[in-house]
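Shown here: final-v8.cif, mmCIF, C-alpha atoms.
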```cif
data_model
#
loop_
_atom_site.label_atom_id
_atom_site.label_comp_id
_atom_site.auth_asym_id
_atom_site.auth_seq_id
_atom_site.Cartn_x
_atom_site.Cartn_y
_atom_site.Cartn_z
CA MET A 6 0.00 0.00 0.00
CA ASP A 7 1.19 3.52 -0.78
CA TRP A 8 1.25 4.96 2.76
CA LYS A 9 2.28 8.43 1.57
CA ASN A 10 -0.84 8.78 -0.57
CA GLN A 11 -2.94 7.51 2.34
CA TYR A 12 -1.39 10.19 4.58
CA ASN A 13 -1.98 12.97 2.01
CA LEU A 14 -5.59 11.82 1.55
CA LEU A 15 -6.17 11.92 5.33
CA ILE A 16 -4.76 15.46 5.58
CA GLU A 17 -6.57 16.86 2.53
CA THR A 18 -9.97 15.55 3.67
CA ARG A 19 -9.51 17.07 7.15
CA LYS A 20 -8.10 20.48 6.17
CA ASN A 21 -11.24 22.49 5.45
CA ARG A 22 -13.90 20.57 7.32
CA ILE A 23 -16.18 22.27 9.84
CA LEU A 24 -15.03 21.37 13.36
CA ASN A 25 -17.60 19.73 15.61
CA SER A 26 -18.10 21.64 18.88
CA ASN A 27 -18.65 18.35 20.75
CA GLU A 28 -15.37 16.83 19.54
CA ILE A 29 -11.86 17.34 20.96
CA TYR A 30 -9.10 18.06 18.45
CA GLU A 31 -5.31 18.11 18.54
CA LYS A 32 -3.03 20.21 16.36
CA HIS A 33 -0.98 18.18 13.90
CA HIS A 34 1.91 19.55 11.83
CA ILE A 35 1.38 18.36 8.26
CA LEU A 36 5.14 18.44 7.67
CA PRO A 37 6.58 17.66 11.13
CA ILE A 38 8.87 20.25 12.74
CA SER A 39 11.64 17.64 13.00
CA LEU A 40 11.48 17.18 9.22
CA GLY A 41 11.75 20.90 8.45
CA GLY A 42 8.12 21.95 8.81
CA LYS A 43 7.10 25.34 10.22
CA ASN A 44 4.79 26.20 13.08
CA SER A 45 2.53 28.20 10.75
CA LYS A 46 -1.22 28.13 10.15
CA ASP A 47 -0.92 26.57 6.68
CA ASN A 48 1.13 23.69 8.15
CA ILE A 49 -1.38 22.80 10.88
CA VAL A 50 -4.49 20.65 10.66
CA HIS A 51 -6.91 19.77 13.47
CA LEU A 52 -7.33 16.02 13.96
CA THR A 53 -9.26 13.87 16.42
CA TYR A 54 -7.27 11.64 18.78
CA ARG A 55 -7.71 8.65 16.50
CA GLU A 56 -6.87 10.56 13.31
CA HIS A 57 -3.76 12.01 14.99
CA PHE A 58 -2.53 8.53 15.86
CA ILE A 59 -3.20 7.23 12.31
CA ALA A 60 -1.40 10.23 10.77
CA HIS A 61 1.76 9.52 12.80
CA LYS A 62 1.57 5.82 11.93
CA PHE A 63 1.40 6.69 8.19
CA LEU A 64 4.38 9.06 8.60
CA PHE A 65 6.40 6.28 10.18
CA LEU A 66 5.44 3.78 7.47
CA PHE A 67 6.44 5.89 4.44
CA CYS A 68 9.48 7.78 5.80
CA GLU A 69 12.97 6.39 5.29
CA GLY A 70 16.42 6.63 6.91
CA LYS A 71 16.84 9.21 9.67
CA ASP A 72 13.36 10.59 9.00
CA LYS A 73 11.89 7.15 9.76
CA MET A 74 13.79 7.11 13.07
CA LYS A 75 12.34 10.53 13.99
CA MET A 76 8.80 9.52 13.10
CA GLY A 77 9.26 6.23 14.95
CA TYR A 78 10.20 8.16 18.08
CA ALA A 79 7.15 10.44 17.70
CA LEU A 80 4.88 7.39 17.32
CA HIS A 81 6.54 5.78 20.35
CA ARG A 82 5.76 8.88 22.42
CA LEU A 83 2.12 8.69 21.35
CA CYS A 84 2.00 5.04 22.41
CA SER A 85 3.11 5.79 25.99
CA ILE A 86 0.58 7.76 28.04
CA ASN A 87 0.59 8.31 31.81
CA ASN A 88 -2.39 9.35 33.90
CA ASN A 89 -0.47 9.50 37.23
CA THR A 90 -1.80 6.09 38.29
CA GLN A 91 -1.01 3.74 35.41
CA GLN A 92 0.99 3.66 32.18
CA TYR A 93 -0.71 2.50 29.02
CA ARG A 94 0.95 0.81 26.07
CA ILE A 95 -1.20 1.55 23.04
CA LYS A 96 -1.58 -0.87 20.17
CA SER A 97 -4.24 0.74 17.97
CA SER A 98 -5.76 4.09 17.07
CA ARG A 99 -9.01 3.06 18.77
CA ASP A 100 -7.15 2.36 22.03
CA PHE A 101 -5.38 5.69 21.71
CA ALA A 102 -8.65 7.63 21.28
CA GLU A 103 -10.36 5.85 24.21
CA ILE A 104 -7.41 6.30 26.58
CA LYS A 105 -6.85 9.98 25.75
CA THR A 106 -10.56 10.68 26.26
CA GLU A 107 -10.42 8.92 29.63
CA ILE A 108 -7.32 10.87 30.70
CA TYR A 109 -8.87 14.17 29.54
CA GLU A 110 -11.88 13.52 31.77
CA PHE A 111 -9.70 12.24 34.62
CA ILE A 112 -7.48 15.31 35.02
CA ARG A 113 -10.28 17.88 35.07
CA GLY A 114 -11.36 19.76 38.22
CA GLU A 115 -10.23 18.33 41.54
CA ASN A 116 -8.35 15.49 39.85
CA HIS A 117 -5.94 17.90 38.17
CA PRO A 118 -2.48 17.75 39.85
CA PHE A 119 -2.43 21.56 40.22
CA TYR A 120 -6.02 21.95 41.46
CA GLY A 121 -6.09 24.43 44.36
CA TYR A 122 -2.34 24.98 44.17
CA LYS A 123 -1.13 28.52 44.92
CA TRP A 124 2.21 29.87 43.77
CA THR A 125 4.41 31.52 46.39
CA ASP A 126 5.63 35.08 45.85
CA GLU A 127 9.14 33.74 45.19
CA GLN A 128 7.85 31.34 42.53
CA LYS A 129 5.83 34.10 40.88
CA LYS A 130 8.88 36.38 40.79
CA GLU A 131 11.06 33.61 39.37
CA ILE A 132 8.51 32.80 36.63
CA SER A 133 8.12 36.51 35.82
CA GLU A 134 11.88 36.99 35.39
CA ARG A 135 12.19 33.82 33.32
CA GLN A 136 9.44 34.91 30.93
CA LYS A 137 10.79 38.40 30.27
CA GLY A 138 12.30 39.42 26.93
CA VAL A 139 13.96 36.68 24.86
CA GLY A 140 13.13 34.16 27.60
CA ASN A 141 9.49 34.32 26.55
CA SER A 142 8.56 31.76 23.90
CA MET A 143 6.39 34.39 22.16
CA TYR A 144 9.13 37.05 22.07
CA GLY A 145 9.07 38.77 18.67
CA LYS A 146 6.16 36.62 17.47
CA ASN A 147 2.57 37.52 16.74
CA PRO A 148 -0.22 35.68 18.59
CA TRP A 149 -1.87 32.98 16.47
CA ASN A 150 -5.20 34.84 16.42
CA LYS A 151 -3.87 38.27 15.38
CA GLY A 152 -6.02 39.75 12.62
CA LEU A 153 -8.54 36.91 12.88
CA SER A 154 -12.21 37.08 13.86
CA LYS A 155 -15.07 34.63 14.26
CA GLU A 156 -16.20 35.64 10.77
CA THR A 157 -12.90 34.58 9.19
CA ASP A 158 -11.75 31.72 11.44
CA GLU A 159 -13.84 28.67 12.30
CA ARG A 160 -11.96 27.99 15.56
CA LEU A 161 -12.87 31.38 17.03
CA LYS A 162 -16.46 30.95 15.90
CA ILE A 163 -16.71 27.56 17.65
CA ALA A 164 -15.00 28.86 20.82
CA GLY A 165 -17.37 31.85 20.94
CA ALA A 166 -20.43 29.63 20.48
CA LYS A 167 -19.25 27.30 23.28
CA TYR A 168 -18.74 30.20 25.69
CA LYS A 169 -22.09 31.75 24.79
CA LYS A 170 -23.84 28.44 25.43
CA LYS A 171 -22.13 27.96 28.81
CA TYR A 172 -22.92 31.56 29.80
CA LYS A 173 -26.63 31.10 28.96
CA GLU A 174 -26.72 27.85 30.94
CA GLY A 175 -25.23 29.63 33.96
CA LYS A 176 -22.01 27.58 33.86
CA VAL A 177 -19.77 30.65 33.68
CA ASP A 178 -19.10 32.46 36.95
CA ARG A 179 -18.03 36.06 36.34
CA SER A 180 -18.45 37.21 39.95
CA ASN A 181 -14.69 37.16 40.61
CA TRP A 182 -13.59 38.60 37.26
CA SER A 183 -13.12 42.15 38.50
CA MET A 184 -9.53 43.12 39.27
CA SER A 185 -8.55 43.43 42.91
CA ILE A 186 -7.61 46.81 44.41
CA GLU A 187 -4.06 45.52 44.91
CA GLY A 188 -3.86 44.53 41.24
CA ARG A 189 -5.02 47.98 40.12
CA GLU A 190 -2.51 49.67 42.43
CA ASN A 191 0.32 47.52 41.05
CA ILE A 192 -0.58 48.49 37.46
CA SER A 193 -0.88 52.15 38.47
CA LYS A 194 2.59 52.11 40.09
CA ALA A 195 4.13 50.36 37.09
CA GLN A 196 2.69 52.92 34.65
CA LYS A 197 3.19 56.05 36.79
CA GLY A 198 5.56 58.55 35.20
CA LYS A 199 6.02 56.33 32.17
CA PRO A 200 5.76 58.50 29.03
CA LYS A 201 3.55 57.21 26.24
CA THR A 202 5.01 56.96 22.75
CA ASP A 203 3.47 58.91 19.87
CA GLU A 204 2.30 55.60 18.38
CA CYS A 205 0.58 54.67 21.65
CA LYS A 206 -1.11 58.08 21.84
CA ARG A 207 -2.30 57.75 18.24
CA LYS A 208 -3.80 54.31 18.91
CA LEU A 209 -5.53 55.51 22.10
CA SER A 210 -6.95 58.50 20.25
CA LYS A 211 -8.25 56.31 17.42
CA PHE A 212 -9.73 53.81 19.89
CA ASN A 213 -11.54 56.47 21.94
CA THR A 214 -12.74 58.70 19.06
CA GLY A 215 -16.53 58.77 18.97
CA LYS A 216 -16.78 56.69 22.13
CA LYS A 217 -19.49 57.81 24.54
CA LEU A 218 -19.10 57.27 28.27
CA SER A 219 -21.97 55.62 30.09
CA SER A 220 -23.62 57.39 33.02
CA LYS A 221 -22.14 54.75 35.35
CA THR A 222 -18.60 55.45 34.08
CA LYS A 223 -19.12 59.21 34.43
CA GLU A 224 -20.30 58.72 38.01
CA LYS A 225 -17.23 56.60 38.84
CA MET A 226 -14.93 59.24 37.34
CA SER A 227 -16.68 61.95 39.32
CA ILE A 228 -16.29 60.03 42.60
CA ALA A 229 -12.62 59.27 41.86
CA ARG A 230 -11.83 62.96 41.21
CA LYS A 231 -13.91 64.39 44.03
CA GLY A 232 -11.82 66.39 46.52
CA ILE A 233 -8.76 66.40 44.27
CA PRO A 234 -7.91 70.03 43.36
CA GLN A 235 -7.41 70.78 39.67
CA LYS A 236 -3.96 71.70 38.51
CA LYS A 237 -3.80 75.46 37.92
CA ILE A 238 -2.83 76.56 34.44
CA LYS A 239 -1.99 80.07 33.31
CA CYS A 240 -2.90 81.75 30.04
CA PRO A 241 0.29 83.07 28.40
CA TYR A 242 -1.58 86.00 26.79
CA CYS A 243 -3.67 87.54 29.60
CA GLY A 244 -2.02 85.92 32.63
CA LYS A 245 -5.27 84.57 34.08
CA GLU A 246 -5.10 81.29 36.06
CA GLY A 247 -7.70 78.51 36.31
CA GLY A 248 -8.59 74.88 35.70
CA THR A 249 -8.95 72.89 32.48
CA THR A 250 -11.92 75.05 31.38
CA MET A 251 -9.32 77.76 30.67
CA TYR A 252 -8.69 76.09 27.30
CA ARG A 253 -12.21 77.07 26.24
CA TRP A 254 -11.81 80.83 26.73
CA HIS A 255 -8.04 81.38 26.85
CA PHE A 256 -4.81 80.27 25.20
CA ASN A 257 -5.55 80.26 21.42
CA ASN A 258 -9.12 81.48 22.16
CA CYS A 259 -7.96 84.35 24.36
CA LYS A 260 -9.11 87.86 23.32
CA LYS A 261 -5.60 89.23 23.70
CA TYR A 262 -4.33 86.44 21.44
CA GLU A 263 -6.81 87.57 18.78
CA LYS A 264 -5.60 91.17 19.09
CA ARG A 265 -2.00 90.09 18.65
CA SER A 266 -2.84 88.03 15.56
#
```
Mind turning the file's structure into structure tokens?
Amino acid sequence: MDWKNQYNLLIETRKNRILNSNEIYEKHHILPISLGGKNSKDNIVHLTYREHFIAHKFLFLFCEGKDKMKMGYALHRLCSINNNTQQYRIKSSRDFAEIKTEIYEFIRGENHPFYGYKWTDEQKKEISERQKGVGNSMYGKNPWNKGLSKETDERLKIAGAKYKKKYKEGKVDRSNWSMSIEGRENISKAQKGKPKTDECKRKLSKFNTGKKLSSKTKEKMSIARKGIPQKKIKCPYCGKEGGTTMYRWHFNNCKKYEKRS
């Protein structure tokens, strides 16, 4: 049997299909990274557990020389799965699909090894330092979903539909989504005195143009500013001092400025 044609047929028939929201998929590199493939969108296809196993078996069967050794190792890794209590040796794609589904269900919620675990401040600091700059795996790279929307990408459409369904069913708890006071203070301290670039200012201006504040937001802003005295500014033409309303009647709108011009 021509295993290469079988592999190509499997990939081509799975490339543009509509993903089932009730199915779990794994990303598969059409041309494996170890064989020179890239981690790009056009080199990735979403396969079910069983299809993923079959794809790697086909790769092993038609590759030769060192490539066969690499694909054999990849297939060997797929055939050895641990669920913290028992190791499985897989013999078929059906076994692989059943076992992975079982493990996926097993490690959810309280069964997950990190359920309820809290990082110490030292661990958080260490992770933060390790992920800065070139140490971050995404350094210099664009996120996979940049420029995509649910209208142009099926994955985002499916993810959005799943979330919407869970939210309607009351399975999404948003009560603890608001940022803590400590978190806000930390962000405020980090950004204080930090000058914004012209590009950042341009983006903020574009984002906020035409945006209307809700009455609730206006009320919050009013409360936050209450009791804080306005910074006094002075008109360079008539010498009068006042708050931000000075810009309406003074500076370039000042009568003395008009006389000078």
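For Arg19 (chain A), the residues within 8 Å (counting all atoms listed in the file, excluding itself and residues fewer than 2 positions away along the chain) are Leu15, Ile16, Glu17, Asn21, Arg22, Val50, His51 and Leu52 of chain A.
Using only C-alpha atoms for every distance, the candidate list A:Lys261, A:Arg253, A:Arg207, A:Lys46 yields A:Lys46 as the residue closest to Pro148 (chain A).
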Using only C-alpha atoms, find each residue of region 11-115 of chain A with at least one atom at most 9 Å away from an atom of region 157-180 of chain A; report its shortest atom-to-atom pair and that distance in Å (one decimal), sort the rows by chain and rising residue number, and return the result as JSON lines.
```
{"residue": "A:Ile23", "atom": "CA", "partner": "A:Glu159", "partner_atom": "CA", "distance": 7.2}
{"residue": "A:Leu24", "atom": "CA", "partner": "A:Glu159", "partner_atom": "CA", "distance": 7.5}
{"residue": "A:Asn25", "atom": "CA", "partner": "A:Ile163", "partner_atom": "CA", "distance": 8.1}
{"residue": "A:Ser26", "atom": "CA", "partner": "A:Ile163", "partner_atom": "CA", "distance": 6.2}
```
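Note that the spacing between CA of Gly244 (chain A) and CA of Gly198 (chain A) amounts to 28.5 Å.
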Would you pick out the contacts of Phe65 (chain A) at 10 Å or less, using only C-alpha atoms, so that residues sharing its chain but fewer than 4 positions from it are not included, and give the list as number ranges by chain? A: 8-9, 59-61, 69, 72-80
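Counting from CA of Ser193 (chain A), the distance to CA of Met226 (chain A) is 15.8 Å.
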For the file shown, what are the residues hit by the PyMOL selection byres ((chain A and resi 238) around 10), laid out as an MDAnalysis selection string? chainID A and resid 235:237 239:241 244:252
As an exercise, work out the distance from CA of Ala195 (chain A) to CA of Ser133 (chain A) in Å and give it to one decimal place. 14.5 Å
Kindly indicate which residue among A:Ala102, A:Ser210, A:Cys84, A:Arg189 lies nearest to Glu56 (chain A), using only C-alpha atoms for the distances. A:Ala102
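In this comparison, which uses only C-alpha atoms, the residue of A:Asn213, A:Ile186, A:Gly145, A:Phe63 approaching Leu14 (chain A) most closely is A:Phe63.
Applied to this file, the PyMOL selection byres ((chain A and resi 98) around 6) selects the residues Arg55, Phe58, Ser97, Arg99, Asp100 and Phe101 of chain A.
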Identify which of the residues A:Phe212, A:Tyr144, A:Phe119, A:Trp149 lies closest to Asn44 (chain A), counting only C-alpha atoms when measuring atom-to-atom distances. A:Trp149
Find the smallest box with edges along x, y and z containing every listed atom of region 215-223 of chain A, then add 8 Å on each side and report centre and edge lengths in Å to one decimal, as lines of an AutoDock Vina configuration file.
```
center_x = -20.1
center_y = 57.0
center_z = 27.2
size_x = 23.1
size_y = 20.5
size_z = 32.4
```
As a short mmCIF file (atom, residue, chain, number, x, y, z; two decimals), in the coordinates of the input, the rebuilt region 135-164 of chain A with N, CA and C atoms:
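Output contents, as saved in out05.cif:
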```cif
data_model
loop_
_atom_site.label_atom_id
_atom_site.label_comp_id
_atom_site.auth_asym_id
_atom_site.auth_seq_id
_atom_site.Cartn_x
_atom_site.Cartn_y
_atom_site.Cartn_z
N ARG A 135 11.85 34.81 34.36
CA ARG A 135 12.19 33.82 33.32
C ARG A 135 11.46 34.08 32.01
N GLN A 136 10.27 34.69 32.11
CA GLN A 136 9.44 34.91 30.93
C GLN A 136 9.65 36.27 30.28
N LYS A 137 10.57 37.07 30.82
CA LYS A 137 10.79 38.40 30.27
C LYS A 137 11.69 38.35 29.03
N GLY A 138 11.44 39.27 28.10
CA GLY A 138 12.30 39.42 26.93
C GLY A 138 12.46 38.15 26.11
N VAL A 139 13.69 37.84 25.73
CA VAL A 139 13.96 36.68 24.86
C VAL A 139 13.63 35.36 25.56
N GLY A 140 13.48 35.39 26.87
CA GLY A 140 13.13 34.16 27.60
C GLY A 140 11.70 33.73 27.35
N ASN A 141 10.88 34.64 26.85
CA ASN A 141 9.49 34.32 26.55
C ASN A 141 9.39 33.64 25.19
N SER A 142 8.67 32.53 25.14
CA SER A 142 8.56 31.76 23.90
C SER A 142 7.87 32.54 22.78
N MET A 143 7.10 33.58 23.16
CA MET A 143 6.39 34.39 22.16
C MET A 143 7.12 35.69 21.82
N TYR A 144 8.36 35.82 22.31
CA TYR A 144 9.13 37.05 22.07
C TYR A 144 9.33 37.28 20.57
N GLY A 145 8.91 38.44 20.09
CA GLY A 145 9.07 38.77 18.67
C GLY A 145 8.09 38.09 17.74
N LYS A 146 7.14 37.33 18.30
CA LYS A 146 6.16 36.62 17.47
C LYS A 146 4.77 37.23 17.65
N ASN A 147 3.96 37.08 16.64
CA ASN A 147 2.57 37.52 16.74
C ASN A 147 1.72 36.41 17.31
N PRO A 148 0.69 36.73 18.11
CA PRO A 148 -0.22 35.68 18.59
C PRO A 148 -0.93 35.02 17.42
N TRP A 149 -1.29 33.75 17.58
CA TRP A 149 -1.87 32.98 16.47
C TRP A 149 -3.17 33.59 15.95
N ASN A 150 -3.89 34.32 16.83
CA ASN A 150 -5.20 34.84 16.42
C ASN A 150 -5.17 36.31 16.00
N LYS A 151 -3.97 36.86 15.78
CA LYS A 151 -3.87 38.27 15.38
C LYS A 151 -4.49 38.47 14.00
N GLY A 152 -5.38 39.44 13.90
CA GLY A 152 -6.02 39.75 12.62
C GLY A 152 -7.17 38.82 12.27
N LEU A 153 -7.46 37.84 13.16
CA LEU A 153 -8.54 36.91 12.88
C LEU A 153 -9.81 37.31 13.64
N SER A 154 -10.94 36.86 13.17
CA SER A 154 -12.21 37.08 13.86
C SER A 154 -13.08 35.85 13.67
N LYS A 155 -14.19 35.80 14.38
CA LYS A 155 -15.07 34.63 14.26
C LYS A 155 -15.70 34.54 12.87
N GLU A 156 -15.67 35.67 12.14
CA GLU A 156 -16.20 35.64 10.77
C GLU A 156 -15.21 35.00 9.80
N THR A 157 -13.91 35.09 10.13
CA THR A 157 -12.90 34.58 9.19
C THR A 157 -12.24 33.28 9.65
N ASP A 158 -12.40 32.92 10.93
CA ASP A 158 -11.75 31.72 11.44
C ASP A 158 -12.76 30.83 12.18
N GLU A 159 -12.86 29.60 11.75
CA GLU A 159 -13.84 28.67 12.30
C GLU A 159 -13.59 28.36 13.77
N ARG A 160 -12.30 28.31 14.17
CA ARG A 160 -11.96 27.99 15.56
C ARG A 160 -12.50 29.03 16.53
N LEU A 161 -12.36 30.31 16.17
CA LEU A 161 -12.87 31.38 17.03
C LEU A 161 -14.40 31.37 17.08
N LYS A 162 -15.00 31.02 15.96
CA LYS A 162 -16.46 30.95 15.90
C LYS A 162 -16.98 29.85 16.83
N ILE A 163 -16.31 28.70 16.81
CA ILE A 163 -16.71 27.56 17.65
C ILE A 163 -16.49 27.89 19.13
N ALA A 164 -15.31 28.50 19.43
CA ALA A 164 -15.00 28.86 20.82
C ALA A 164 -16.01 29.86 21.37
#
```
